[in-house]
Each structure stands twice: as structure tokens, then as C-alpha cells.
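Okay, target34.pdb is below, PDB, C-alpha atoms and all ligand atoms:
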ATOM      1  CA  MET J   1       0.000   0.000   0.000  1.00  0.00           C
ATOM      2  CA  THR J   2       1.496   3.276  -1.082  1.00  0.00           C
ATOM      3  CA  LEU J   3       1.390   6.294   1.196  1.00  0.00           C
ATOM      4  CA  ASN J   4      -1.475   8.075  -0.553  1.00  0.00           C
ATOM      5  CA  MET J   5      -3.616   4.996  -1.124  1.00  0.00           C
ATOM      6  CA  ILE J   6      -6.954   4.907   0.681  1.00  0.00           C
ATOM      7  CA  SER J   7      -7.333   2.454   3.596  1.00  0.00           C
ATOM      8  CA  PRO J   8      -9.466  -0.696   3.198  1.00  0.00           C
ATOM      9  CA  LYS J   9     -11.798   0.580   5.929  1.00  0.00           C
ATOM     10  CA  LEU J  10     -12.450   3.879   4.139  1.00  0.00           C
ATOM     11  CA  GLN J  11     -12.756   2.052   0.828  1.00  0.00           C
ATOM     12  CA  ASP J  12     -15.510  -0.124   2.318  1.00  0.00           C
ATOM     13  CA  ALA J  13     -17.285   2.903   3.802  1.00  0.00           C
ATOM     14  CA  ILE J  14     -17.163   4.795   0.495  1.00  0.00           C
ATOM     15  CA  ASN J  15     -18.395   1.750  -1.440  1.00  0.00           C
ATOM     16  CA  ALA J  16     -21.316   1.535   1.003  1.00  0.00           C
ATOM     17  CA  GLN J  17     -21.947   5.251   0.438  1.00  0.00           C
ATOM     18  CA  ILE J  18     -21.952   4.804  -3.346  1.00  0.00           C
ATOM     19  CA  ASN J  19     -24.684   2.203  -2.841  1.00  0.00           C
ATOM     20  CA  ALA J  20     -26.593   4.556  -0.502  1.00  0.00           C
ATOM     21  CA  GLU J  21     -26.449   7.370  -3.092  1.00  0.00           C
ATOM     22  CA  TYR J  22     -27.791   5.058  -5.804  1.00  0.00           C
ATOM     23  CA  TRP J  23     -30.531   3.903  -3.432  1.00  0.00           C
ATOM     24  CA  SER J  24     -31.396   7.590  -2.891  1.00  0.00           C
ATOM     25  CA  ALA J  25     -31.506   8.087  -6.659  1.00  0.00           C
ATOM     26  CA  TYR J  26     -33.816   5.093  -7.004  1.00  0.00           C
ATOM     27  CA  LEU J  27     -36.037   6.373  -4.168  1.00  0.00           C
ATOM     28  CA  TYR J  28     -36.451   9.784  -5.808  1.00  0.00           C
ATOM     29  CA  LEU J  29     -37.067   8.285  -9.255  1.00  0.00           C
ATOM     30  CA  SER J  30     -39.783   6.150  -7.663  1.00  0.00           C
ATOM     31  CA  MET J  31     -41.306   9.285  -6.132  1.00  0.00           C
ATOM     32  CA  ALA J  32     -41.124  11.021  -9.533  1.00  0.00           C
ATOM     33  CA  MET J  33     -42.973   8.127 -11.174  1.00  0.00           C
ATOM     34  CA  HIS J  34     -45.608   8.117  -8.434  1.00  0.00           C
ATOM     35  CA  PHE J  35     -46.352  11.838  -8.803  1.00  0.00           C
ATOM     36  CA  GLU J  36     -46.243  11.616 -12.594  1.00  0.00           C
ATOM     37  CA  ALA J  37     -49.019   9.008 -12.355  1.00  0.00           C
ATOM     38  CA  GLU J  38     -50.883  11.225  -9.878  1.00  0.00           C
ATOM     39  CA  GLY J  39     -50.891  14.165 -12.292  1.00  0.00           C
ATOM     40  CA  GLN J  40     -48.568  16.285 -10.135  1.00  0.00           C
ATOM     41  CA  SER J  41     -46.010  16.882 -12.866  1.00  0.00           C
ATOM     42  CA  GLY J  42     -44.182  19.686 -11.044  1.00  0.00           C
ATOM     43  CA  VAL J  43     -43.520  17.539  -7.977  1.00  0.00           C
ATOM     44  CA  ALA J  44     -42.534  14.713 -10.351  1.00  0.00           C
ATOM     45  CA  ASN J  45     -40.049  17.028 -12.093  1.00  0.00           C
ATOM     46  CA  TRP J  46     -38.564  18.105  -8.770  1.00  0.00           C
ATOM     47  CA  PHE J  47     -37.899  14.464  -7.827  1.00  0.00           C
ATOM     48  CA  ARG J  48     -36.539  13.644 -11.280  1.00  0.00           C
ATOM     49  CA  ILE J  49     -33.913  16.361 -10.814  1.00  0.00           C
ATOM     50  CA  GLN J  50     -33.207  14.936  -7.362  1.00  0.00           C
ATOM     51  CA  PHE J  51     -32.714  11.517  -9.004  1.00  0.00           C
ATOM     52  CA  LYS J  52     -30.017  13.036 -11.235  1.00  0.00           C
ATOM     53  CA  GLU J  53     -28.334  14.790  -8.313  1.00  0.00           C
ATOM     54  CA  GLU J  54     -28.090  11.553  -6.356  1.00  0.00           C
ATOM     55  CA  GLN J  55     -26.476   9.799  -9.307  1.00  0.00           C
ATOM     56  CA  ALA J  56     -23.985  12.672  -9.416  1.00  0.00           C
ATOM     57  CA  HIS J  57     -23.241  12.164  -5.700  1.00  0.00           C
ATOM     58  CA  ALA J  58     -22.440   8.506  -6.389  1.00  0.00           C
ATOM     59  CA  GLU J  59     -20.192   9.519  -9.286  1.00  0.00           C
ATOM     60  CA  ILE J  60     -18.287  11.995  -7.119  1.00  0.00           C
ATOM     61  CA  PHE J  61     -17.501   9.186  -4.670  1.00  0.00           C
ATOM     62  CA  ILE J  62     -16.634   6.839  -7.569  1.00  0.00           C
ATOM     63  CA  ASN J  63     -14.183   9.352  -9.024  1.00  0.00           C
ATOM     64  CA  TYR J  64     -12.710  10.035  -5.610  1.00  0.00           C
ATOM     65  CA  LEU J  65     -12.178   6.367  -4.756  1.00  0.00           C
ATOM     66  CA  ASN J  66     -10.513   5.819  -8.131  1.00  0.00           C
ATOM     67  CA  SER J  67      -8.295   8.863  -7.646  1.00  0.00           C
ATOM     68  CA  ARG J  68      -7.033   7.394  -4.351  1.00  0.00           C
ATOM     69  CA  GLY J  69      -6.158   4.017  -5.846  1.00  0.00           C
ATOM     70  CA  GLY J  70      -9.253   2.360  -4.381  1.00  0.00           C
ATOM     71  CA  ARG J  71     -11.523  -0.179  -6.021  1.00  0.00           C
ATOM     72  CA  VAL J  72     -15.162   0.646  -6.672  1.00  0.00           C
ATOM     73  CA  MET J  73     -17.353  -2.388  -6.045  1.00  0.00           C
ATOM     74  CA  LEU J  74     -21.014  -1.945  -6.929  1.00  0.00           C
ATOM     75  CA  GLN J  75     -23.553  -3.753  -4.804  1.00  0.00           C
ATOM     76  CA  ALA J  76     -27.237  -4.615  -5.227  1.00  0.00           C
ATOM     77  CA  ILE J  77     -29.666  -1.746  -4.787  1.00  0.00           C
ATOM     78  CA  ASP J  78     -32.491  -2.593  -2.369  1.00  0.00           C
ATOM     79  CA  ALA J  79     -36.112  -2.150  -3.407  1.00  0.00           C
ATOM     80  CA  VAL J  80     -37.727   1.240  -2.762  1.00  0.00           C
ATOM     81  CA  PRO J  81     -41.299   2.233  -1.808  1.00  0.00           C
ATOM     82  CA  THR J  82     -43.613   3.016  -4.721  1.00  0.00           C
ATOM     83  CA  GLU J  83     -46.544   4.862  -3.117  1.00  0.00           C
ATOM     84  CA  TRP J  84     -46.902   8.012  -1.042  1.00  0.00           C
ATOM     85  CA  ALA J  85     -50.121   9.378   0.425  1.00  0.00           C
ATOM     86  CA  SER J  86     -49.369  12.968  -0.651  1.00  0.00           C
ATOM     87  CA  ALA J  87     -46.580  15.342  -1.638  1.00  0.00           C
ATOM     88  CA  LEU J  88     -46.264  16.200   2.064  1.00  0.00           C
ATOM     89  CA  ASP J  89     -45.804  12.514   2.859  1.00  0.00           C
ATOM     90  CA  ALA J  90     -43.071  12.234   0.180  1.00  0.00           C
ATOM     91  CA  PHE J  91     -41.164  15.286   1.407  1.00  0.00           C
ATOM     92  CA  GLU J  92     -41.386  14.045   5.001  1.00  0.00           C
ATOM     93  CA  ALA J  93     -39.915  10.730   3.787  1.00  0.00           C
ATOM     94  CA  THR J  94     -37.261  12.741   1.912  1.00  0.00           C
ATOM     95  CA  LEU J  95     -36.248  14.627   5.054  1.00  0.00           C
ATOM     96  CA  ALA J  96     -36.090  11.433   7.127  1.00  0.00           C
ATOM     97  CA  HIS J  97     -33.960   9.778   4.433  1.00  0.00           C
ATOM     98  CA  GLU J  98     -31.598  12.731   4.058  1.00  0.00           C
ATOM     99  CA  GLU J  99     -31.083  12.791   7.832  1.00  0.00           C
ATOM    100  CA  LYS J 100     -29.928   9.170   7.556  1.00  0.00           C
ATOM    101  CA  VAL J 101     -27.588  10.097   4.685  1.00  0.00           C
ATOM    102  CA  THR J 102     -26.146  12.914   6.799  1.00  0.00           C
ATOM    103  CA  ALA J 103     -25.399  10.378   9.556  1.00  0.00           C
ATOM    104  CA  LEU J 104     -23.666   8.113   7.004  1.00  0.00           C
ATOM    105  CA  ILE J 105     -21.503  10.980   5.713  1.00  0.00           C
ATOM    106  CA  ASN J 106     -20.624  11.925   9.287  1.00  0.00           C
ATOM    107  CA  GLY J 107     -19.678   8.289   9.927  1.00  0.00           C
ATOM    108  CA  ILE J 108     -17.216   8.280   7.012  1.00  0.00           C
ATOM    109  CA  TYR J 109     -15.867  11.617   8.217  1.00  0.00           C
ATOM    110  CA  ALA J 110     -15.226  10.095  11.669  1.00  0.00           C
ATOM    111  CA  ILE J 111     -13.232   7.234  10.107  1.00  0.00           C
ATOM    112  CA  ALA J 112     -11.209   9.666   7.971  1.00  0.00           C
ATOM    113  CA  ASP J 113     -10.598  11.777  11.064  1.00  0.00           C
ATOM    114  CA  ALA J 114      -9.370   8.784  13.093  1.00  0.00           C
ATOM    115  CA  GLU J 115      -7.052   7.788  10.224  1.00  0.00           C
ATOM    116  CA  HIS J 116      -5.790  11.358   9.701  1.00  0.00           C
ATOM    117  CA  ASP J 117      -6.889  11.049   6.070  1.00  0.00           C
ATOM    118  CA  TYR J 118      -7.039  14.759   5.275  1.00  0.00           C
ATOM    119  CA  ALA J 119      -7.787  14.271   1.572  1.00  0.00           C
ATOM    120  CA  THR J 120     -10.941  12.308   2.346  1.00  0.00           C
ATOM    121  CA  LYS J 121     -12.009  14.888   4.908  1.00  0.00           C
ATOM    122  CA  GLY J 122     -11.500  17.561   2.260  1.00  0.00           C
ATOM    123  CA  ARG J 123     -13.658  15.671  -0.244  1.00  0.00           C
ATOM    124  CA  LEU J 124     -16.332  15.045   2.397  1.00  0.00           C
ATOM    125  CA  ASP J 125     -16.553  18.736   3.301  1.00  0.00           C
ATOM    126  CA  TRP J 126     -18.552  19.322   0.113  1.00  0.00           C
ATOM    127  CA  PHE J 127     -20.999  16.576   1.128  1.00  0.00           C
ATOM    128  CA  VAL J 128     -21.332  17.941   4.667  1.00  0.00           C
ATOM    129  CA  ALA J 129     -22.454  21.292   3.230  1.00  0.00           C
ATOM    130  CA  GLU J 130     -24.649  19.563   0.626  1.00  0.00           C
ATOM    131  CA  GLN J 131     -26.484  17.637   3.361  1.00  0.00           C
ATOM    132  CA  VAL J 132     -27.280  20.870   5.227  1.00  0.00           C
ATOM    133  CA  GLU J 133     -28.829  22.144   1.988  1.00  0.00           C
ATOM    134  CA  GLU J 134     -30.759  18.896   1.311  1.00  0.00           C
ATOM    135  CA  GLU J 135     -32.301  18.912   4.777  1.00  0.00           C
ATOM    136  CA  GLU J 136     -33.098  22.630   4.652  1.00  0.00           C
ATOM    137  CA  THR J 137     -34.807  22.241   1.254  1.00  0.00           C
ATOM    138  CA  ALA J 138     -36.913  19.288   2.435  1.00  0.00           C
ATOM    139  CA  ARG J 139     -37.936  21.158   5.598  1.00  0.00           C
ATOM    140  CA  GLY J 140     -38.904  24.185   3.497  1.00  0.00           C
ATOM    141  CA  MET J 141     -41.083  22.049   1.239  1.00  0.00           C
ATOM    142  CA  ILE J 142     -42.737  20.428   4.262  1.00  0.00           C
ATOM    143  CA  ASP J 143     -43.552  23.877   5.700  1.00  0.00           C
ATOM    144  CA  ARG J 144     -45.066  25.014   2.410  1.00  0.00           C
ATOM    145  CA  LEU J 145     -47.118  21.838   1.937  1.00  0.00           C
ATOM    146  CA  LYS J 146     -48.474  22.116   5.485  1.00  0.00           C
ATOM    147  CA  LEU J 147     -49.626  25.659   4.676  1.00  0.00           C
ATOM    148  CA  ILE J 148     -51.179  24.468   1.414  1.00  0.00           C
ATOM    149  CA  GLY J 149     -53.100  21.672   3.147  1.00  0.00           C
ATOM    150  CA  ASP J 150     -55.922  20.573   0.841  1.00  0.00           C
ATOM    151  CA  ASN J 151     -56.035  23.828  -1.139  1.00  0.00           C
ATOM    152  CA  GLY J 152     -56.056  22.587  -4.743  1.00  0.00           C
ATOM    153  CA  LEU J 153     -55.215  25.954  -6.293  1.00  0.00           C
ATOM    154  CA  ALA J 154     -52.171  26.392  -4.035  1.00  0.00           C
ATOM    155  CA  LEU J 155     -51.013  22.854  -4.879  1.00  0.00           C
ATOM    156  CA  TYR J 156     -51.481  23.589  -8.575  1.00  0.00           C
ATOM    157  CA  THR J 157     -49.387  26.763  -8.263  1.00  0.00           C
ATOM    158  CA  LEU J 158     -46.662  24.882  -6.374  1.00  0.00           C
ATOM    159  CA  ASN J 159     -46.587  22.274  -9.139  1.00  0.00           C
ATOM    160  CA  GLN J 160     -46.117  25.015 -11.716  1.00  0.00           C
ATOM    161  CA  GLU J 161     -43.173  26.374  -9.736  1.00  0.00           C
ATOM    162  CA  LEU J 162     -41.533  22.977  -9.215  1.00  0.00           C
ATOM    163  CA  ALA J 163     -41.879  22.235 -12.930  1.00  0.00           C
ATOM    164  CA  THR J 164     -39.254  24.929 -13.582  1.00  0.00           C
ATOM    165  CA  ARG J 165     -36.486  23.232 -11.566  1.00  0.00           C
ATOM    166  CA  VAL J 166     -33.508  22.344 -13.791  1.00  0.00           C
ATOM    167  CA  TYR J 167     -30.519  20.092 -13.204  1.00  0.00           C
ATOM    168  CA  ASN J 168     -27.166  21.698 -12.502  1.00  0.00           C
ATOM    169  CA  VAL J 169     -24.053  19.527 -12.499  1.00  0.00           C
ATOM    170  CA  PRO J 170     -22.656  19.606  -8.950  1.00  0.00           C
ATOM    171  CA  ALA J 171     -19.365  21.514  -8.698  1.00  0.00           C
ATOM    172  CA  PRO J 172     -17.142  18.468  -7.952  1.00  0.00           C
ATOM    173  CA  LEU J 173     -18.334  16.839 -11.208  1.00  0.00           C
ATOM    174  CA  ALA J 174     -18.291  19.918 -13.419  1.00  0.00           C
ATOM    175  CA  GLY J 175     -15.632  19.600 -16.098  1.00  0.00           C
ATOM    176  CA  LYS J 176     -15.340  15.816 -15.668  1.00  0.00           C
TER     177      LYS J 176
HETATM  178 MG    MG W 201     -26.950  12.350  -1.913  1.00  0.00          MG
END

Just dump the structure as C-alpha cells.
Amino acid sequence: MTLNMISPKLQDAINAQINAEYWSAYLYLSMAMHFEAEGQSGVANWFRIQFKEEQAHAEIFINYLNSRGGRVMLQAIDAVPTEWASALDAFEATLAHEEKVTALINGIYAIADAEHDYATKGRLDWFVAEQVEEEETARGMIDRLKLIGDNGLALYTLNQELATRVYNVPAPLAGK
């Protein structure tokens, strides 16, 4: 093992994270398909963009593991739910899931910290900030959907707004 090569423990943790990011992608694609079928095309679009972002997160970890001489090993992606009672229900599930992802990222950070792997900590810093944003966004959507309640016109307007969301390549992937 050369000096700059990633440790087997961190390699395992990052491989598990790659799987978690793909599971997230699959979860959000499932939500997009559910809301497409429900006629809420704006909410569906929002989750489709989220699906792309999660794939990008996995790719960032893939590129990083490769850059450190590690070996990416893809694992099976577990099944995801397919039905949600409402958009509020889906965004509450999103927040709960993103809180779990935050804990996973923090867990990898703790390993990198114990190993004095400063490069991995540096790479993870972007994800730490990203998770703050993911949770804040989900909480904001929950607040808005609680205000909307069963007001059809307000839900229609929200769908129109969410239909305008576009995908932006995350900074660590831009130019790759
Ligand atoms: Mg993610």
C-alpha cells in the first residue's frame, strides 16, 4: 500500500456510500414516477432532478475512490417504496432519508478523522455542506405543503413552480 492509497476501511465505507447514493436516486425516481401518475407533474419534475443529483453524488464518490487508488465495487440496490399518500408525505420521507444520509456521511468523516486522512475529509466537506442544503430544502417544502393543506389551487401553483427546476451539475463533477 502506497502512502497516498486509501485504507481498506475507508474504501468499504465509500463503497457503502456509493450504494446509498444510488438507493437515494432510485427512491427519488420512484417518487417522480408516483407523482407523474398522480398528475402532479411539477412535484414529479422536482424528484426527477433529485434523481439526477443523487447519481452525481455517487459519481463523485466513484471518481474520488478511483483517484485514491481504491476499487469501486457496486452492490445490489435494495427495493424502494412506490406509493406516497401525498406530496407532504413524500417530502417528510425525503427529510427522514436525508437525515440518515447525513449520519452516514458523518460516519465516514469520523473514520477519515481517526485515520488522519485529510484528503478524504477535504472531499467530504462538500458533502457535509450539501447535506445541510438537502435537509433545509426538504424542511422548506414540508412547511409550504403544510400551509397548502388541501387547497387545490395552491397545490397547482406549487406544481407550476416545481416544474421549472432544472438540473445543474454539482461543482465536484463539473468539467469531468
Ligand atoms: Mg446524496

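Atom pair CA of Gly70 in chain J / CA of Tyr22 in chain J has a distance of 18.8 Å (rounded to one decimal).
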
### Query
Which of these, J:Ala93, J:Met141, J:Ala13, J:Met5, has the shortest distance to Tyr109 in chain J once you count only C-alpha atoms?
J:Ala13

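Environment of ligand MG 201 (chain W), defined as every protein or nucleic acid residue with an atom within 6 Å of it and counting only C-alpha atoms and all ligand atoms, comprises Glu21, Glu54 and His57 of chain J.
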
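By all atoms listed in the file, and with residues fewer than 3 positions from Ser86 in chain J along its chain excluded, the set lying at most 10 Å from it is J:His34, J:Phe35, J:Glu38, J:Glu83, J:Asp89, J:Ala90, J:Phe91, J:Glu92, J:Leu145.
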
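Residue neighbourhood of range 24-27 of chain J, excluding near-sequence residues (fewer than 5 positions): Asn19, Ala32, Arg48, Gln50, Phe51, Lys52, Glu53, Glu54, Gln55, Ile77, Ala79, Val80, Pro81, Thr82, Thr94, His97, Glu98 and Val101 of chain J, at 9 Å, using all atoms listed in the file.
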